[in-house]
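Structure, as structure tokens:
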Amino acid sequence: MHDLVAHFRAPKGSLTTQELPPDAQTACACCGLAGATLTVSETPLCLVCAPAYAADEDKIDQHAALIWLPQFDQGTLSRLLSAAWTTLLVSRVGNPTHTHALTILDDLSARRVAAIEKIGTYYPRRLRHAVSTLAPHHMLKRQSAASGLRILPVAAWRERHTDALSTLLSNRNRAP
Ligand SMILES: [Zn+2]
């Protein structure tokens, strides 16, 4: 289980993305699907999951938002996003499946409000800063509790990686 509070306590500057060699055939450690092209702290990740790990990336607050979604772990959320993004790629505007995918994305996006209610922000960088200052006894008190906070990559992230995401999503959906 990817717990943002524990993950965001990594040493300052360590949560940035590195490229995997293009011929590496690696499954994503978060969603379990094929097509990891990046690593964060040596964890192989796909483009859908990477924002949940890369809190030290320059534009993380523009590319991703905190949402409150305790029902899903980060990998399940990524698989839902992959499905919705694939639908947007292959269906036409106005088509019911296209509209349904947009509704799912809007619903997820609206969960930023619950993150604000819980912790006062939906900016990943602010959470990163706040948890890095938690005393060890605060972490001990949590024991193995995992936070219900998740990271939602937003439209700006999709737009920045349009081509690579199209390739990733098409490859995943290609019939064997
Ligand atoms: Zn992934």
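Ligands are numbered from 1 in the order shown, chains are lettered A, B, ... in the order of the structure tokens, and residues start at 1 in each chain.
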Dump the neighbourhood of ligand 1 as a count of residues only: all residues within 8 Å, distances computed on only C-alpha atoms and all ligand atoms.
-> 19
In chain A, DSSP alpha helix (DSSP H) residues written as a ChimeraX atom specification: /A:4-7,60-63,74-90,96-110,112-119,124-132,136-142,155-160,162-173
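The interatomic distance for the pair atom CA of A:Ile151 and atom CA of A:Ile104 works out to 15.2 Å.
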Using only C-alpha atoms, the best pick from A:Ser82, A:Ser14, A:Ser147, A:Thr87 as closest to A:Leu127 would be A:Ser147
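Counting only C-alpha atoms and comparing A:Gln143, A:Thr121, A:Gln71, A:Thr103, the residue that lies closest to A:Trp85 is A:Thr103.
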- Item | 12 Å contact set for stretch 157-162 of chain A, only C-alpha atoms, chain neighbours under 4 positions out, as an NGL selection string | :A and (46-52 or 57 or 59-65 or 81-82 or 85-86 or 88-89 or 152-153 or 166-169)
Run DSSP on the backbone and tell me which residues of stretch 9-161 of chain A come out as strand (DSSP E or B); list them as JSON, numbers by chain. {"A": [17, 18, 19, 27, 34, 38, 39, 40, 43, 44, 45, 64, 65, 66, 67, 68, 149, 150, 151, 152, 153]}
Please produce a file of those selected residues containing all heavy atoms, as a compact mmCIF listing (two decimals), in the first residue's frame.
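Below you can see again_4.txt, which holds the result:
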```
# COMPACT_ATOMS: atom_id res chain seq x y z
N THR A 17 11.83 12.14 -10.94
CA THR A 17 11.77 11.03 -11.89
C THR A 17 13.08 10.89 -12.67
O THR A 17 13.73 11.87 -12.99
CB THR A 17 10.63 11.23 -12.91
OG1 THR A 17 10.82 12.48 -13.56
CG2 THR A 17 9.28 11.20 -12.25
N GLN A 18 13.45 9.65 -12.94
CA GLN A 18 14.55 9.30 -13.85
C GLN A 18 13.94 8.46 -14.96
O GLN A 18 13.00 7.72 -14.72
CB GLN A 18 15.62 8.46 -13.14
CG GLN A 18 16.06 8.96 -11.78
CD GLN A 18 16.96 10.17 -11.87
OE1 GLN A 18 17.75 10.29 -12.79
NE2 GLN A 18 16.79 11.10 -10.94
N GLU A 19 14.54 8.56 -16.15
CA GLU A 19 14.04 7.77 -17.28
C GLU A 19 14.60 6.35 -17.20
O GLU A 19 15.78 6.17 -16.90
CB GLU A 19 14.51 8.37 -18.61
CG GLU A 19 14.11 9.81 -18.81
CD GLU A 19 12.83 9.94 -19.62
OE1 GLU A 19 12.51 8.99 -20.36
OE2 GLU A 19 12.16 10.98 -19.48
N ALA A 27 7.09 -3.84 -15.56
CA ALA A 27 5.74 -3.53 -15.07
C ALA A 27 5.85 -2.41 -14.04
O ALA A 27 6.85 -2.28 -13.34
CB ALA A 27 5.11 -4.76 -14.46
N ALA A 34 1.79 -3.15 -17.46
CA ALA A 34 3.02 -3.02 -18.24
C ALA A 34 3.26 -1.55 -18.59
O ALA A 34 2.33 -0.74 -18.59
CB ALA A 34 2.90 -3.85 -19.51
N LEU A 38 9.61 5.20 -16.17
CA LEU A 38 10.31 6.11 -15.24
C LEU A 38 10.63 5.37 -13.96
O LEU A 38 10.05 4.32 -13.68
CB LEU A 38 9.40 7.30 -14.89
CG LEU A 38 8.89 8.17 -16.04
CD1 LEU A 38 7.79 9.09 -15.54
CD2 LEU A 38 10.02 8.98 -16.63
N THR A 39 11.53 5.96 -13.18
CA THR A 39 11.70 5.49 -11.80
C THR A 39 11.69 6.71 -10.88
O THR A 39 12.05 7.80 -11.27
CB THR A 39 13.05 4.75 -11.57
OG1 THR A 39 14.11 5.66 -11.86
CG2 THR A 39 13.18 3.52 -12.44
N VAL A 40 11.21 6.46 -9.65
CA VAL A 40 11.35 7.44 -8.57
C VAL A 40 11.93 6.64 -7.40
O VAL A 40 11.34 5.63 -7.00
CB VAL A 40 10.01 8.07 -8.18
CG1 VAL A 40 10.17 8.99 -6.96
CG2 VAL A 40 9.40 8.86 -9.34
N THR A 43 12.10 2.96 -7.93
CA THR A 43 10.85 2.22 -8.12
C THR A 43 10.36 2.44 -9.55
O THR A 43 10.16 3.60 -9.94
CB THR A 43 9.78 2.74 -7.13
OG1 THR A 43 10.29 2.61 -5.81
CG2 THR A 43 8.48 1.96 -7.26
N PRO A 44 10.19 1.37 -10.35
CA PRO A 44 9.72 1.57 -11.72
C PRO A 44 8.24 1.96 -11.74
O PRO A 44 7.42 1.34 -11.06
CB PRO A 44 9.92 0.19 -12.38
CG PRO A 44 10.00 -0.78 -11.26
CD PRO A 44 10.47 -0.04 -10.04
N LEU A 45 7.93 2.98 -12.53
CA LEU A 45 6.56 3.51 -12.54
C LEU A 45 6.14 3.86 -13.96
O LEU A 45 6.96 4.25 -14.78
CB LEU A 45 6.49 4.78 -11.68
CG LEU A 45 6.75 4.58 -10.19
CD1 LEU A 45 7.05 5.91 -9.52
CD2 LEU A 45 5.58 3.90 -9.51
N ALA A 64 -0.57 17.59 -10.47
CA ALA A 64 -1.26 16.59 -9.64
C ALA A 64 -1.90 17.27 -8.44
O ALA A 64 -1.45 18.32 -8.00
CB ALA A 64 -0.26 15.54 -9.17
N ALA A 65 -2.96 16.64 -7.95
CA ALA A 65 -3.67 17.20 -6.79
C ALA A 65 -3.89 16.10 -5.76
O ALA A 65 -4.04 14.93 -6.12
CB ALA A 65 -5.01 17.77 -7.23
N LEU A 66 -3.93 16.49 -4.50
CA LEU A 66 -4.30 15.54 -3.45
C LEU A 66 -5.81 15.38 -3.44
O LEU A 66 -6.54 16.37 -3.56
CB LEU A 66 -3.87 16.07 -2.09
CG LEU A 66 -2.37 16.16 -1.84
CD1 LEU A 66 -2.11 16.99 -0.59
CD2 LEU A 66 -1.78 14.77 -1.66
N ILE A 67 -6.26 14.16 -3.33
CA ILE A 67 -7.69 13.91 -3.15
C ILE A 67 -7.84 12.95 -1.96
O ILE A 67 -6.88 12.25 -1.60
CB ILE A 67 -8.37 13.31 -4.41
CG1 ILE A 67 -7.69 11.99 -4.82
CG2 ILE A 67 -8.37 14.31 -5.55
CD1 ILE A 67 -8.45 11.25 -5.92
N TRP A 68 -9.03 12.93 -1.39
CA TRP A 68 -9.32 12.00 -0.29
C TRP A 68 -10.12 10.85 -0.88
O TRP A 68 -11.24 11.04 -1.34
CB TRP A 68 -10.10 12.72 0.81
CG TRP A 68 -10.41 11.83 1.99
CD1 TRP A 68 -11.62 11.27 2.31
CD2 TRP A 68 -9.50 11.41 3.01
NE1 TRP A 68 -11.51 10.53 3.46
CE2 TRP A 68 -10.22 10.59 3.91
CE3 TRP A 68 -8.14 11.62 3.25
CZ2 TRP A 68 -9.63 10.00 5.03
CZ3 TRP A 68 -7.56 11.04 4.36
CH2 TRP A 68 -8.29 10.25 5.25
N LEU A 149 -5.33 9.69 1.73
CA LEU A 149 -4.96 10.66 0.70
C LEU A 149 -4.38 9.94 -0.51
O LEU A 149 -3.59 9.01 -0.37
CB LEU A 149 -3.91 11.64 1.24
CG LEU A 149 -4.39 12.65 2.28
CD1 LEU A 149 -3.20 13.32 2.95
CD2 LEU A 149 -5.33 13.67 1.66
N ARG A 150 -4.80 10.37 -1.69
CA ARG A 150 -4.24 9.83 -2.93
C ARG A 150 -3.83 11.00 -3.81
O ARG A 150 -4.25 12.13 -3.58
CB ARG A 150 -5.30 9.01 -3.70
CG ARG A 150 -5.98 7.92 -2.88
CD ARG A 150 -5.06 6.73 -2.61
NE ARG A 150 -5.70 5.77 -1.71
CZ ARG A 150 -5.40 5.62 -0.41
NH1 ARG A 150 -4.43 6.34 0.14
NH2 ARG A 150 -6.03 4.75 0.34
N ILE A 151 -3.06 10.68 -4.85
CA ILE A 151 -2.65 11.72 -5.80
C ILE A 151 -3.40 11.52 -7.10
O ILE A 151 -3.40 10.41 -7.66
CB ILE A 151 -1.13 11.64 -6.06
CG1 ILE A 151 -0.34 11.97 -4.79
CG2 ILE A 151 -0.77 12.55 -7.23
CD1 ILE A 151 0.08 13.39 -4.62
N LEU A 152 -4.02 12.58 -7.56
CA LEU A 152 -4.73 12.55 -8.84
C LEU A 152 -3.94 13.37 -9.87
O LEU A 152 -3.83 14.58 -9.72
CB LEU A 152 -6.13 13.16 -8.66
CG LEU A 152 -6.99 13.17 -9.92
CD1 LEU A 152 -7.45 11.76 -10.29
CD2 LEU A 152 -8.20 14.09 -9.73
N PRO A 153 -3.36 12.70 -10.89
CA PRO A 153 -2.73 13.48 -11.96
C PRO A 153 -3.83 14.25 -12.71
O PRO A 153 -4.90 13.69 -12.96
CB PRO A 153 -2.11 12.42 -12.88
CG PRO A 153 -2.22 11.12 -12.16
CD PRO A 153 -3.32 11.26 -11.16
```
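Taking atom CA of A:Gln25 and atom CA of A:Asp3 as the two end points, the separation is 26.0 Å.
You can rank A:Ala83, A:Leu102, A:Ala114, A:Ser132 by their closest distance to A:Ala55 using only C-alpha atoms, and at the top of that list sits A:Ser132.
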**Study point:** Surrounding residues of A:Pro11 excluding itself and chain neighbours under 6 positions, 12 Å, only C-alpha atoms, as a ChimeraX atom specification
**Key:** /A:41,55-56,128-129,131-133
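Among the candidates A:Ile116, A:Val93, A:Ala135, A:Ala54, the residue lying nearest to A:His7 is A:Ala54 (atoms considered: only C-alpha atoms).
Nearest to A:Thr16 of all the residues A:Leu4, A:Ala156, A:Thr99, A:Tyr53 is A:Tyr53, based on only C-alpha atoms.
If you count only C-alpha atoms and ignore residues fewer than 6 places along the chain from A:Ala145, what sits within 12 Å of it is Met1, His2, Asp3, Leu4, Val5, Ala6, Pro70, His138 and Met139 of chain A.
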